[in-house]
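What's in structure-v1.txt: compact mmCIF, C-alpha atoms
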```txt
# COMPACT_ATOMS: atom_id res chain seq x y z
CA MET B 285 -10.43 9.44 0.15
CA GLN B 286 -12.70 7.46 -2.13
CA PHE B 287 -9.58 6.26 -3.98
CA LEU B 288 -8.06 4.84 -0.78
CA THR B 289 -11.33 3.13 0.06
CA ARG B 290 -11.27 1.55 -3.39
CA ILE B 291 -7.67 0.39 -2.79
CA GLY B 292 -8.84 -1.22 0.45
CA LEU B 293 -11.62 -2.96 -1.46
CA CYS B 294 -8.97 -4.13 -3.95
CA VAL B 295 -7.07 -5.82 -1.14
CA LEU B 296 -10.29 -7.47 0.01
CA ALA B 297 -10.97 -8.65 -3.55
CA VAL B 298 -7.50 -10.19 -3.69
CA ALA B 299 -8.21 -12.07 -0.47
CA VAL B 300 -11.56 -13.30 -1.76
CA VAL B 301 -10.09 -14.33 -5.13
CA SER B 302 -7.42 -16.25 -3.23
CA GLY B 303 -10.19 -18.53 -1.97
CA CYS B 304 -10.67 -17.06 1.48
CA ALA B 305 -14.22 -17.25 2.74
CA SER B 306 -14.14 -14.36 5.20
CA THR B 307 -12.18 -11.13 5.49
CA GLU B 308 -11.96 -8.44 8.13
CA VAL B 309 -10.32 -5.01 7.94
CA THR B 310 -8.93 -3.67 11.23
CA ASP B 311 -6.65 -0.85 12.38
CA ARG B 312 -7.82 1.29 9.46
CA GLN B 313 -6.33 4.77 9.20
CA GLU B 314 -7.97 6.74 6.40
CA TYR B 315 -6.75 9.85 4.61
CA LYS B 316 -8.57 12.93 5.93
CA GLY B 317 -7.01 15.65 3.76
CA GLY B 318 -8.18 17.41 0.61
CA LYS B 319 -8.60 15.97 -2.84
CA LEU B 320 -5.42 14.40 -4.22
CA PRO B 321 -4.24 15.14 -7.76
CA ARG B 322 -4.51 12.26 -10.23
CA PRO B 323 -1.28 10.26 -9.94
CA GLY B 324 0.96 9.66 -12.94
CA HIS B 325 1.52 6.14 -11.63
CA ILE B 326 0.40 3.94 -8.80
CA TRP B 327 3.34 1.79 -7.79
CA VAL B 328 2.47 -1.50 -6.08
CA TYR B 329 5.37 -3.26 -4.39
CA ASP B 330 5.42 -7.00 -3.75
CA PHE B 331 4.14 -7.69 -0.26
CA ALA B 332 7.06 -8.24 2.11
CA ALA B 333 7.41 -11.79 3.41
CA THR B 334 9.86 -11.16 6.28
CA PRO B 335 10.34 -8.38 8.84
CA ALA B 336 13.73 -7.60 7.26
CA GLU B 337 11.97 -6.71 3.98
CA ILE B 338 9.82 -4.00 5.57
CA PRO B 339 11.12 -0.53 4.54
CA ALA B 340 12.31 1.83 7.26
CA GLU B 341 9.58 4.44 6.51
CA SER B 342 6.86 1.90 7.36
CA ALA B 343 5.09 2.18 10.70
CA LEU B 344 5.66 -1.58 10.98
CA ALA B 345 9.45 -1.38 10.73
CA GLY B 346 11.04 -2.74 13.91
CA GLN B 347 7.68 -3.88 15.34
CA PRO B 348 7.26 -7.38 16.75
CA THR B 349 5.98 -9.86 14.18
CA GLU B 350 3.06 -12.26 14.44
CA HIS B 351 5.28 -15.25 13.62
CA ALA B 352 5.40 -17.40 16.77
CA THR B 353 8.48 -19.27 15.55
CA PRO B 354 11.21 -18.28 13.10
CA GLN B 355 10.19 -18.75 9.49
CA THR B 356 11.70 -21.64 7.57
CA PRO B 357 13.28 -21.01 4.15
CA GLU B 358 10.24 -22.75 2.60
CA GLN B 359 7.84 -20.44 4.43
CA ILE B 360 9.83 -17.39 3.35
CA GLU B 361 9.77 -18.55 -0.27
CA LEU B 362 6.03 -19.23 -0.08
CA GLY B 363 5.54 -15.76 1.42
CA ARG B 364 7.52 -14.12 -1.37
CA LYS B 365 5.51 -15.93 -4.05
CA LEU B 366 2.28 -14.95 -2.31
CA GLY B 367 3.52 -11.34 -2.01
CA GLU B 368 4.23 -11.23 -5.75
CA ALA B 369 0.83 -12.71 -6.57
CA ILE B 370 -1.02 -10.21 -4.36
CA ALA B 371 0.85 -7.26 -5.93
CA THR B 372 0.13 -8.54 -9.44
CA GLN B 373 -3.57 -8.99 -8.66
CA MET B 374 -3.78 -5.51 -7.11
CA VAL B 375 -2.22 -3.94 -10.22
CA GLU B 376 -4.74 -5.74 -12.42
CA GLU B 377 -7.65 -4.63 -10.20
CA ILE B 378 -6.49 -1.00 -10.10
CA ARG B 379 -5.89 -0.88 -13.87
CA GLY B 380 -8.95 -2.83 -14.97
CA GLY B 381 -11.44 -2.04 -12.22
CA MET B 382 -10.52 1.59 -11.61
CA GLY B 383 -8.93 2.58 -14.90
CA LEU B 384 -5.89 4.04 -13.13
CA PRO B 385 -2.22 3.74 -14.22
CA ALA B 386 -0.88 1.03 -11.89
CA LYS B 387 2.39 -0.86 -12.25
CA ARG B 388 4.40 -3.30 -10.15
CA ALA B 389 7.31 -1.59 -8.47
CA SER B 390 10.83 -2.85 -7.82
CA SER B 391 13.78 -1.70 -5.75
CA SER B 392 14.87 0.51 -8.67
CA THR B 393 11.49 2.27 -9.02
CA GLN B 394 11.73 6.05 -8.60
CA PRO B 395 8.24 7.47 -7.93
CA GLU B 396 7.66 11.00 -9.21
CA ILE B 397 5.83 13.75 -7.35
CA ASN B 398 2.13 12.89 -6.82
CA ASP B 399 2.67 9.21 -7.68
CA LEU B 400 1.05 6.84 -5.21
CA VAL B 401 2.92 3.97 -3.58
CA ILE B 402 1.25 0.91 -2.09
CA ARG B 403 3.23 -1.41 0.14
CA GLY B 404 1.99 -4.50 1.88
CA TYR B 405 3.37 -6.87 4.45
CA LEU B 406 2.43 -10.46 5.18
CA LEU B 407 2.06 -10.51 8.95
CA SER B 408 1.03 -14.14 9.20
CA VAL B 409 0.43 -16.96 6.75
CA ASP B 410 -1.09 -20.23 7.90
CA GLU B 411 -1.88 -22.77 5.20
CA GLY B 412 -4.05 -24.73 7.62
CA SER B 413 -4.70 -28.47 7.51
CA ALA B 414 -6.53 -29.99 4.57
CA THR B 415 -7.28 -33.11 6.61
CA LYS B 416 -8.97 -31.13 9.40
CA ARG B 417 -10.88 -28.99 6.87
CA VAL B 418 -12.34 -32.08 5.16
CA ALA B 419 -12.92 -34.27 8.21
CA VAL B 420 -14.04 -31.80 10.89
CA GLY B 421 -15.03 -28.59 9.10
CA PHE B 422 -16.48 -25.55 10.91
CA GLY B 423 -13.22 -23.66 10.42
CA SER B 424 -11.03 -26.40 11.89
CA GLY B 425 -7.77 -26.49 9.94
CA ALA B 426 -8.74 -23.34 8.01
CA SER B 427 -6.09 -21.27 6.31
CA ASN B 428 -5.45 -17.75 7.62
CA LEU B 429 -3.70 -14.76 6.09
CA THR B 430 -3.09 -11.42 7.83
CA THR B 431 -1.63 -8.53 5.86
CA ALA B 432 -0.92 -4.88 6.53
CA VAL B 433 -1.23 -2.37 3.70
CA GLU B 434 0.05 1.21 3.60
CA GLY B 435 -0.58 3.88 0.98
CA PHE B 436 1.76 6.82 0.36
CA GLN B 437 1.94 9.85 -1.91
CA MET B 438 5.30 11.00 -3.24
CA THR B 439 5.95 14.66 -2.37
CA ALA B 440 8.96 16.94 -2.83
CA ASN B 441 9.92 15.94 0.74
CA GLY B 442 9.57 12.18 0.19
CA LEU B 443 6.74 9.75 0.90
CA ARG B 444 3.72 11.03 2.82
CA LYS B 445 1.54 8.38 4.42
CA LEU B 446 -2.08 8.56 3.30
CA GLY B 447 -3.58 5.59 5.07
CA SER B 448 -3.15 2.03 6.26
CA GLY B 449 -5.00 -1.00 7.54
CA LYS B 450 -4.76 -4.66 8.37
CA VAL B 451 -6.70 -7.27 6.42
CA GLY B 452 -7.32 -10.69 7.87
CA ALA B 453 -8.68 -13.48 5.69
CA SER B 454 -9.58 -17.00 6.73
CA GLY B 455 -11.11 -20.16 5.35
CA GLY B 456 -14.79 -21.01 5.56
CA LYS B 457 -16.69 -22.51 8.47
CA THR B 458 -18.68 -25.14 6.59
CA PRO B 459 -19.26 -28.62 7.97
CA GLY B 460 -16.67 -31.26 7.17
CA GLY B 461 -17.01 -34.84 5.97
CA ALA B 462 -17.30 -36.22 9.52
CA LEU B 463 -20.61 -34.42 10.00
```

In structure tokens, write the structure found in this file.
Amino acid sequence: MQFLTRIGLCVLAVAVVSGCASTEVTDRQEYKGGKLPRPGHIWVYDFAATPAEIPAESALAGQPTEHATPQTPEQIELGRKLGEAIATQMVEEIRGGMGLPAKRASSSTQPEINDLVIRGYLLSVDEGSATKRVAVGFGSGASNLTTAVEGFQMTANGLRKLGSGKVGASGGKTPGGAL
């Protein structure tokens, strides 16, 4: 359970490193079972940028998205780049900060029994407005990022969900230039 808490903190660290001033974890479902064996690998997949990229075994598959309007090709590309960057940062944090064997996963990755799998999904990405941030401040025009993260353990019967949560990150609320 402590491991999953540390993974959650990793996601928060990624959000903070990305320049977000505040983060909030919601809808947290923590692992309540016994001690897990040390994994051979921790596979971190790129965070999905579109609902179509969410795997069928995810609790989010087929759920309504937070995108009010259809995503443009540019937004999808930005989401994919952001998803890659988040996965890369998580791998570095898990390896360096926790000393655990983490690697980026791909569609050809075949987790072995007791390996852990981390999947994330970009629920909403709002770059905000630089003009409003500078002129008005107090959170006006702030960027916002909402992600969902799920952790699984590979068993002889397939993936077993260990926990999940949503992480929201947003820009700061400092005064702008107009003040």

> CA of Ile360 (chain B) to CA of Lys387 (chain B): how many Å, to one decimal?
Replying inline: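 Spanning CA of Ile360 (chain B) to CA of Lys387 (chain B) is a straight-line distance of 23.9 Å.
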
> So how far away is CA of Gln394 (chain B) from CA of Ala440 (chain B), in Å?
Replying inline: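 Distance reported for this atom pair: 12.6 Å.
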
>> Rounded to one decimal, what separation in Å do you get between CA of Ala389 (chain B) and CA of Gln359 (chain B)?
In response: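 Atom-to-atom, CA of Ala389 (chain B) to CA of Gln359 (chain B), that is 22.8 Å.
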
> Which residue gives the smallest distance to Lys365 (chain B) among B:Val409, B:Ser391, B:Ile338, B:Trp327, with all atoms listed in the file counted?
Replying inline: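 Of the candidates, the smallest distance to Lys365 (chain B) is held by B:Val409.
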
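Among the candidates B:Leu406, B:Met438, B:Leu366, B:Ala332, the one nearest to Gly452 (chain B) when counting only C-alpha atoms is B:Leu406.
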
>> Here is a test: counting all atoms listed in the file, which residue of B:Leu407, B:Ala369, B:Leu320, B:Ile378 is nearest to Leu446 (chain B)?
In response: B:Leu320

> Taking only C-alpha atoms into account, which of B:Ser408, B:Val328, B:Val451, B:Arg322 comes nearest Ser390 (chain B)?
Replying inline: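 Closest candidate: B:Val328.
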
>> Considering all atoms listed in the file, can you say which of B:Gln313, B:Ser342, B:Thr431, B:Thr393 comes closest to Ile370 (chain B)?
In response: B:Thr431

Taking 4 positions as the minimum chain separation for residues in the same chain, which residues sit within 12 Å of Pro357 (chain B) when counting only C-alpha atoms? Answer as a tab-separated table (two decimals) with C-alpha atoms, keeping the file's coordinate frame.
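Ended up saving to part04.tsv:
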```
chain	number	residue	atom	x	y	z
B	333	ALA	CA	7.41	-11.79	3.41
B	334	THR	CA	9.86	-11.16	6.28
B	361	GLU	CA	9.77	-18.55	-0.27
B	362	LEU	CA	6.03	-19.23	-0.08
B	363	GLY	CA	5.54	-15.76	1.42
B	364	ARG	CA	7.52	-14.12	-1.37
```

> Using only C-alpha atoms, can you list as a list of chain:residue names the residues within 10 Å of (-6.4, -4.5, 7.9)?
Replying inline: B:Gly292, B:Val295, B:Leu296, B:Thr307, B:Glu308, B:Val309, B:Thr310, B:Asp311, B:Arg312, B:Gln313, B:Thr430, B:Thr431, B:Ala432, B:Val433, B:Glu434, B:Ser448, B:Gly449, B:Lys450, B:Val451, B:Gly452, B:Ala453

>> Given only C-alpha atoms as the basis, pick out the residue of B:Ala345, B:Leu429, B:Leu400, B:Met382 nearest to Pro323 (chain B).
In response: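 Looking only at the distances to Pro323 (chain B), the closest residue turns out to be B:Leu400.
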